[in-house]
>>> print(open('final-v1.tsv').read())   # TSV, C-alpha atoms
chain	number	residue	atom	x	y	z
A	136	MET	CA	-70.59	-61.44	40.27
A	137	LYS	CA	-71.59	-61.25	36.59
A	138	LEU	CA	-68.80	-61.20	34.00
A	139	GLU	CA	-69.87	-57.81	32.62
A	140	ASP	CA	-69.89	-56.34	36.14
A	141	SER	CA	-66.41	-57.75	36.74
A	142	ASN	CA	-65.11	-56.25	33.49
A	143	SER	CA	-66.61	-52.86	34.28
A	144	ARG	CA	-65.12	-52.89	37.75
A	145	ARG	CA	-61.71	-53.90	36.39
A	146	LYS	CA	-61.82	-51.09	33.81
A	147	PHE	CA	-62.84	-48.57	36.45
A	148	LEU	CA	-60.07	-49.63	38.84
A	149	SER	CA	-57.50	-49.61	36.04
A	150	THR	CA	-58.49	-46.09	35.05
A	151	VAL	CA	-58.29	-44.86	38.63
A	152	ALA	CA	-54.94	-46.57	39.19
A	153	LEU	CA	-53.44	-45.15	36.02
A	154	GLY	CA	-54.71	-41.70	36.89
A	155	ALA	CA	-53.03	-41.94	40.27
A	156	ALA	CA	-49.82	-43.19	38.71
A	157	ALA	CA	-49.82	-40.33	36.23
A	158	SER	CA	-50.26	-37.86	39.08
A	159	SER	CA	-47.19	-39.33	40.77
A	160	PHE	CA	-45.15	-39.18	37.56
A	161	ALA	CA	-46.20	-35.58	37.10
A	162	LEU	CA	-44.82	-34.62	40.48
A	163	LEU	CA	-41.63	-36.65	40.26
A	164	THR	CA	-40.34	-36.07	36.75
A	165	SER	CA	-40.25	-32.29	36.29
A	166	PRO	CA	-41.78	-28.96	37.31
A	167	LEU	CA	-43.42	-28.84	33.87
A	168	HIS	CA	-45.43	-31.97	34.67
A	169	ALA	CA	-46.28	-30.67	38.12
A	170	ALA	CA	-48.05	-27.72	36.48
A	171	ALA	CA	-50.90	-30.07	35.58
A	172	THR	CA	-53.61	-29.54	38.17
A	173	SER	CA	-56.21	-31.81	36.61
A	174	LEU	CA	-55.65	-35.09	34.78
A	175	PRO	CA	-58.06	-36.48	32.21
A	176	THR	CA	-59.67	-39.88	32.56
A	177	ILE	CA	-58.43	-42.44	30.03
A	178	ASP	CA	-59.85	-45.78	28.99
A	179	LEU	CA	-57.38	-48.66	29.10
A	180	SER	CA	-59.45	-50.61	26.57
A	181	THR	CA	-57.14	-49.04	23.93
A	182	SER	CA	-54.84	-51.97	24.74
A	183	GLU	CA	-57.19	-54.30	22.87
A	184	ASP	CA	-56.72	-52.38	19.60
A	185	ALA	CA	-53.00	-52.02	20.27
A	186	ASP	CA	-52.49	-55.75	20.81
A	187	GLU	CA	-54.20	-56.37	17.47
A	188	TRP	CA	-51.97	-53.73	15.84
A	189	PHE	CA	-48.84	-55.53	17.03
A	190	LYS	CA	-49.84	-58.57	15.00
A	191	LYS	CA	-48.61	-56.62	11.95
A	192	VAL	CA	-44.98	-57.11	12.99
A	193	LYS	CA	-43.41	-59.31	10.32
A	194	GLY	CA	-40.22	-60.50	8.74
A	195	SER	CA	-36.90	-62.07	9.61
A	196	HIS	CA	-35.45	-58.85	11.04
A	197	ARG	CA	-37.34	-56.96	13.76
A	198	VAL	CA	-36.36	-54.02	15.93
A	199	VAL	CA	-38.07	-51.55	18.28
A	200	TYR	CA	-36.78	-48.02	18.80
A	201	ASP	CA	-37.40	-46.37	22.15
A	202	GLY	CA	-38.15	-42.76	21.16
A	203	SER	CA	-38.32	-41.23	24.63
A	204	THR	CA	-36.98	-37.79	23.68
A	205	PRO	CA	-37.06	-35.75	20.44
A	206	HIS	CA	-33.26	-36.18	19.99
A	207	ASP	CA	-33.23	-34.09	16.79
A	208	GLY	CA	-35.49	-36.61	15.04
A	209	PHE	CA	-33.22	-39.61	15.60
A	210	PRO	CA	-36.05	-42.02	16.58
A	211	VAL	CA	-37.24	-41.59	12.97
A	212	ILE	CA	-33.77	-41.32	11.43
A	213	TRP	CA	-32.71	-44.63	12.96
A	214	THR	CA	-35.93	-46.26	11.76
A	215	TRP	CA	-34.97	-45.20	8.25
A	216	ALA	CA	-31.37	-46.36	8.79
A	217	PHE	CA	-32.58	-49.83	9.75
A	218	TYR	CA	-34.45	-50.15	6.44
A	219	ILE	CA	-31.80	-48.66	4.16
A	220	THR	CA	-28.96	-50.76	5.58
A	221	ASN	CA	-31.02	-53.94	5.53
A	222	ASN	CA	-31.81	-53.19	1.88
A	223	GLN	CA	-28.07	-52.85	1.26
A	224	THR	CA	-27.59	-56.34	2.72
A	225	PHE	CA	-30.28	-57.74	0.41
A	226	THR	CA	-33.27	-57.76	2.77
A	227	PRO	CA	-36.41	-56.31	1.16
A	228	ASP	CA	-38.81	-54.09	3.10
A	229	GLU	CA	-41.32	-56.95	3.17
A	230	ASP	CA	-38.98	-59.10	5.28
A	231	MET	CA	-38.42	-56.71	8.19
A	232	THR	CA	-40.22	-54.46	10.66
A	233	ALA	CA	-39.09	-51.49	12.69
A	234	VAL	CA	-41.45	-50.36	15.45
A	235	CYS	CA	-40.85	-46.80	16.64
A	236	VAL	CA	-42.36	-46.05	20.05
A	237	ILE	CA	-42.98	-42.32	20.45
A	238	ARG	CA	-43.23	-41.59	24.15
A	239	HIS	CA	-42.35	-39.19	26.99
A	240	SER	CA	-41.05	-35.85	25.65
A	241	ALA	CA	-40.93	-37.07	22.04
A	242	ILE	CA	-44.74	-37.29	22.01
A	243	PRO	CA	-45.27	-34.18	19.78
A	244	TYR	CA	-43.79	-36.16	16.88
A	245	ALA	CA	-47.08	-38.09	16.84
A	246	PHE	CA	-49.29	-35.03	16.18
A	247	ASN	CA	-50.28	-32.95	13.17
A	248	ASP	CA	-49.10	-29.44	12.38
A	249	ALA	CA	-52.32	-27.80	13.54
A	250	LEU	CA	-51.76	-29.05	17.09
A	251	TRP	CA	-48.13	-27.91	17.03
A	252	GLU	CA	-49.19	-24.42	16.09
A	253	LYS	CA	-52.16	-24.13	18.47
A	254	TYR	CA	-50.31	-25.37	21.58
A	255	ASN	CA	-46.80	-24.15	20.69
A	256	LEU	CA	-45.44	-27.66	20.98
A	257	GLY	CA	-42.04	-26.61	19.68
A	258	GLU	CA	-41.63	-24.24	22.59
A	259	MET	CA	-43.20	-26.62	25.10
A	260	PHE	CA	-40.83	-29.46	24.16
A	261	ASP	CA	-37.82	-27.39	23.06
A	262	ILE	CA	-37.92	-28.59	19.45
A	263	LYS	CA	-36.46	-26.06	17.02
A	264	ASP	CA	-37.07	-25.54	13.32
A	265	ASN	CA	-33.62	-25.75	11.73
A	266	SER	CA	-34.61	-23.28	9.01
A	267	THR	CA	-35.42	-20.53	11.51
A	268	GLY	CA	-33.66	-21.51	14.74
A	269	GLU	CA	-36.93	-20.79	16.52
A	270	PRO	CA	-39.32	-23.22	18.27
A	271	SER	CA	-40.99	-25.25	15.55
A	272	LYS	CA	-44.60	-24.56	14.60
A	273	ARG	CA	-44.83	-27.82	12.66
A	274	ASN	CA	-44.02	-31.51	12.86
A	275	THR	CA	-40.54	-31.76	11.35
A	276	VAL	CA	-40.36	-35.56	11.08
A	277	TYR	CA	-43.64	-36.55	9.40
A	278	GLU	CA	-42.97	-35.09	5.96
A	279	PRO	CA	-39.54	-33.50	6.49
A	280	GLN	CA	-38.46	-30.48	4.51
A	281	VAL	CA	-34.93	-29.74	3.32
A	282	GLY	CA	-32.78	-29.14	6.37
A	283	ASP	CA	-35.04	-30.85	8.90
A	284	PHE	CA	-32.74	-33.90	9.02
A	285	PRO	CA	-28.94	-33.71	9.09
A	286	LEU	CA	-28.61	-35.43	5.71
A	287	PRO	CA	-30.72	-35.29	2.53
A	288	GLY	CA	-32.71	-38.31	1.43
A	289	ILE	CA	-33.85	-39.51	4.87
A	290	ASP	CA	-37.46	-40.67	4.84
A	291	GLY	CA	-39.92	-39.23	7.35
A	292	VAL	CA	-42.69	-40.99	9.24
A	293	LYS	CA	-45.19	-40.95	6.37
A	294	ARG	CA	-42.83	-42.56	3.88
A	295	MET	CA	-41.52	-45.06	6.43
A	296	GLN	CA	-45.10	-46.14	7.16
A	297	GLU	CA	-45.53	-46.80	3.44
A	298	ARG	CA	-42.44	-49.01	3.62
A	299	GLY	CA	-43.87	-51.03	6.53
A	300	ALA	CA	-42.42	-49.32	9.59
A	301	MET	CA	-44.82	-49.02	12.53
A	302	PHE	CA	-45.19	-45.97	14.76
A	303	CYS	CA	-47.13	-45.76	18.01
A	304	ALA	CA	-47.74	-43.04	20.59
A	305	CYS	CA	-47.89	-43.23	24.38
A	306	ASN	CA	-51.37	-42.55	25.75
A	307	LEU	CA	-50.00	-41.87	29.23
A	308	ALA	CA	-47.65	-39.16	27.95
A	309	THR	CA	-50.47	-37.71	25.87
A	310	MET	CA	-52.63	-37.53	28.98
A	311	VAL	CA	-49.96	-35.90	31.17
A	312	TYR	CA	-48.67	-33.36	28.67
A	313	SER	CA	-52.12	-32.38	27.40
A	314	SER	CA	-53.14	-31.72	30.99
A	315	VAL	CA	-50.10	-29.45	31.37
A	316	ALA	CA	-51.20	-27.52	28.29
A	317	ALA	CA	-54.77	-27.36	29.58
A	318	ALA	CA	-53.65	-26.00	32.96
A	319	LYS	CA	-51.48	-23.35	31.31
A	320	LEU	CA	-54.37	-22.10	29.18
A	321	GLY	CA	-57.11	-22.56	31.77
A	322	LEU	CA	-58.91	-25.19	29.70
A	323	ASP	CA	-60.68	-28.44	30.58
A	324	ALA	CA	-58.15	-31.30	30.74
A	325	ASN	CA	-60.48	-33.89	29.22
A	326	THR	CA	-61.35	-31.63	26.28
A	327	VAL	CA	-57.70	-30.87	25.51
A	328	TYR	CA	-56.70	-34.52	25.88
A	329	GLN	CA	-59.34	-35.56	23.35
A	330	GLU	CA	-58.17	-32.84	20.98
A	331	TRP	CA	-54.62	-34.21	21.19
A	332	VAL	CA	-55.83	-37.76	20.54
A	333	ASP	CA	-57.83	-36.54	17.54
A	334	ALA	CA	-54.67	-34.85	16.22
A	335	LEU	CA	-52.70	-38.12	15.95
A	336	LEU	CA	-51.19	-38.50	12.50
A	337	PRO	CA	-52.66	-41.14	10.16
A	338	GLY	CA	-51.50	-44.66	10.96
A	339	ILE	CA	-49.94	-43.85	14.33
A	340	GLN	CA	-51.39	-46.24	16.90
A	341	LEU	CA	-52.29	-45.01	20.37
A	342	VAL	CA	-50.97	-47.45	23.00
A	343	PRO	CA	-51.61	-47.47	26.76
A	344	SER	CA	-48.04	-46.41	27.46
A	345	GLY	CA	-44.72	-46.36	25.67
A	346	VAL	CA	-43.17	-48.87	28.06
A	347	TRP	CA	-46.17	-51.17	27.49
A	348	ALA	CA	-45.47	-50.98	23.75
A	349	LEU	CA	-41.76	-51.65	24.20
A	350	GLY	CA	-42.63	-54.81	26.08
A	351	ARG	CA	-45.13	-55.95	23.46
A	352	ALA	CA	-42.67	-55.32	20.64
A	353	GLN	CA	-39.99	-57.44	22.33
A	354	GLU	CA	-42.53	-60.19	22.86
A	355	LYS	CA	-42.93	-60.11	19.06
A	356	GLY	CA	-39.21	-60.71	18.61
A	357	CYS	CA	-38.08	-57.09	18.16
A	358	GLY	CA	-34.61	-56.23	19.40
A	359	TYR	CA	-34.56	-53.18	21.66
A	360	ILE	CA	-32.61	-50.01	20.73
A	361	PHE	CA	-32.68	-46.79	22.75
A	362	ALA	CA	-33.27	-43.81	20.44
A	363	GLY	CA	-33.47	-40.99	22.97
A	364	GLU	CA	-30.60	-39.13	24.59
>>> encode(input="final-v1.tsv", output="structure tokens")
Amino acid sequence: MKLEDSNSRRKFLSTVALGAAASSFALLTSPLHAAATSLPTIDLSTSEDADEWFKKVKGSHRVVYDGSTPHDGFPVIWTWAFYITNNQTFTPDEDMTAVCVIRHSAIPYAFNDALWEKYNLGEMFDIKDNSTGEPSKRNTVYEPQVGDFPLPGIDGVKRMQERGAMFCACNLATMVYSSVAAAKLGLDANTVYQEWVDALLPGIQLVPSGVWALGRAQEKGCGYIFAGE
């Protein structure tokens, strides 16, 4: 068999297998997931870009935060806390890396405000805007406003990226939850999935799955910390 034929077959089988796995997760994890009647097809070749992205991990101090749930923004808050407390113990930003893996029900934190508003992500994921007490129509952790975090002065995703922190988003969760949204609105799952991928915030890397990324980060010497609830 030719090498290119072998690669194509491997990619096809991987896509089918992951689609089947996602279907199983959808039925097992919650009724919300089970509402997805059609799952999009995803290309696992994103892992090549993601592996390259992980080469950016640097410094003497390395940690990975498992952001599996929104948890009132704590996956981002703890990323900031890692930097500020290392600074206080005389470690500059250039000598450390925090990787924040946005996965499972925290996945809306990876998307822009337009997607939040169009698909009512605050309601879908039970994320409230502290200023209104209502489901949020915007991403509250990217460029946080006064009151979004429990204390003033906490940097959001955009500022933490400027300081060297790395944020990635689970492709598997994106696939499953976008298909739920598509089913609810009677839309094509592949079209909605692509719209969600296109709505990723600048600098946030799409990875095959959040658990894949957690493994890669630990292989790069990052200590694991659970940041969900």
>>> closest_residue(input="final-v1.tsv", among="A:Pro337, A:Leu320, A:Leu307, A:Gly208", to="Pro279 (chain A)", atoms="only C-alpha atoms")
A:Gly208
>>> closest_residue(input="final-v1.tsv", among="A:Gly288, A:Arg197, A:Thr226, A:Ile339", to="Tyr244 (chain A)", atoms="all atoms listed in the file")
A:Ile339
>>> closest_residue(input="final-v1.tsv", among="A:Gly299, A:Pro205, A:Gly282, A:Gly268", to="Lys191 (chain A)", atoms="all atoms listed in the file")
A:Gly299
>>> closest_residue(input="final-v1.tsv", among="A:Pro227, A:Gly194, A:Gly202, A:Pro175", to="Val346 (chain A)", atoms="all atoms listed in the file")
A:Gly202
>>> closest_residue(input="final-v1.tsv", among="A:Ile262, A:Leu322, A:Ala348, A:Cys305", to="Asp283 (chain A)", atoms="all atoms listed in the file")
A:Ile262
>>> residues_near_point(input="final-v1.tsv", point="(-49.2, -46.8, 22.7)", cutoff="10 Å", atoms="all atoms listed in the file", output="list in words")
Thr181, Ser182, Asp184, Ala185, Asp186, Val236, Ile237, Arg238, Phe302, Cys303, Ala304, Cys305, Asn306, Leu307, Ala308, Thr309, Ile339, Gln340, Leu341, Val342, Pro343, Ser344, Gly345, Val346, Trp347, Ala348 and Leu349 of chain A
>>> closest_residue(input="final-v1.tsv", among="A:Ile242, A:Asp228, A:Glu258, A:Arg298", to="Val311 (chain A)", atoms="all atoms listed in the file")
A:Ile242
>>> residues_around(input="final-v1.tsv", residues="Gly358 (chain A)", least_positions_apart="5", cutoff="12 Å", atoms="all atoms listed in the file", output="number ranges by chain")
A: 195-201, 217, 231-235, 349-353
>>> residues_around(input="final-v1.tsv", residues="Glu364 (chain A)", least_positions_apart="4", cutoff="9 Å", atoms="all atoms listed in the file", output="VMD selection string")
chain A and resid 203 to 206
>>> write_last_selection(input="final-v1.tsv", atoms="C-alpha atoms", output="PDB file, keeping the file's coordinate frame")
ATOM      1  CA  SER A 203     -38.320 -41.230  24.630  1.00  0.00           C
ATOM      2  CA  THR A 204     -36.980 -37.790  23.680  1.00  0.00           C
ATOM      3  CA  PRO A 205     -37.060 -35.750  20.440  1.00  0.00           C
ATOM      4  CA  HIS A 206     -33.260 -36.180  19.990  1.00  0.00           C
TER       5      HIS A 206
END
>>> residues_around(input="final-v1.tsv", residues="Thr326 (chain A)", least_positions_apart="5", cutoff="10 Å", atoms="all atoms listed in the file", output="MDAnalysis selection string")
chainID A and resid 175 313:314 317 331
>>> atom_distance(input="final-v1.tsv", atom1="CA of Asn274 (chain A)", atom2="CA of Asp248 (chain A)")
5.5 Å
>>> atom_distance(input="final-v1.tsv", atom1="CA of Asn221 (chain A)", atom2="CA of Met295 (chain A)")
13.8 Å
>>> atom_distance(input="final-v1.tsv", atom1="CA of Trp215 (chain A)", atom2="CA of Arg294 (chain A)")
9.4 Å
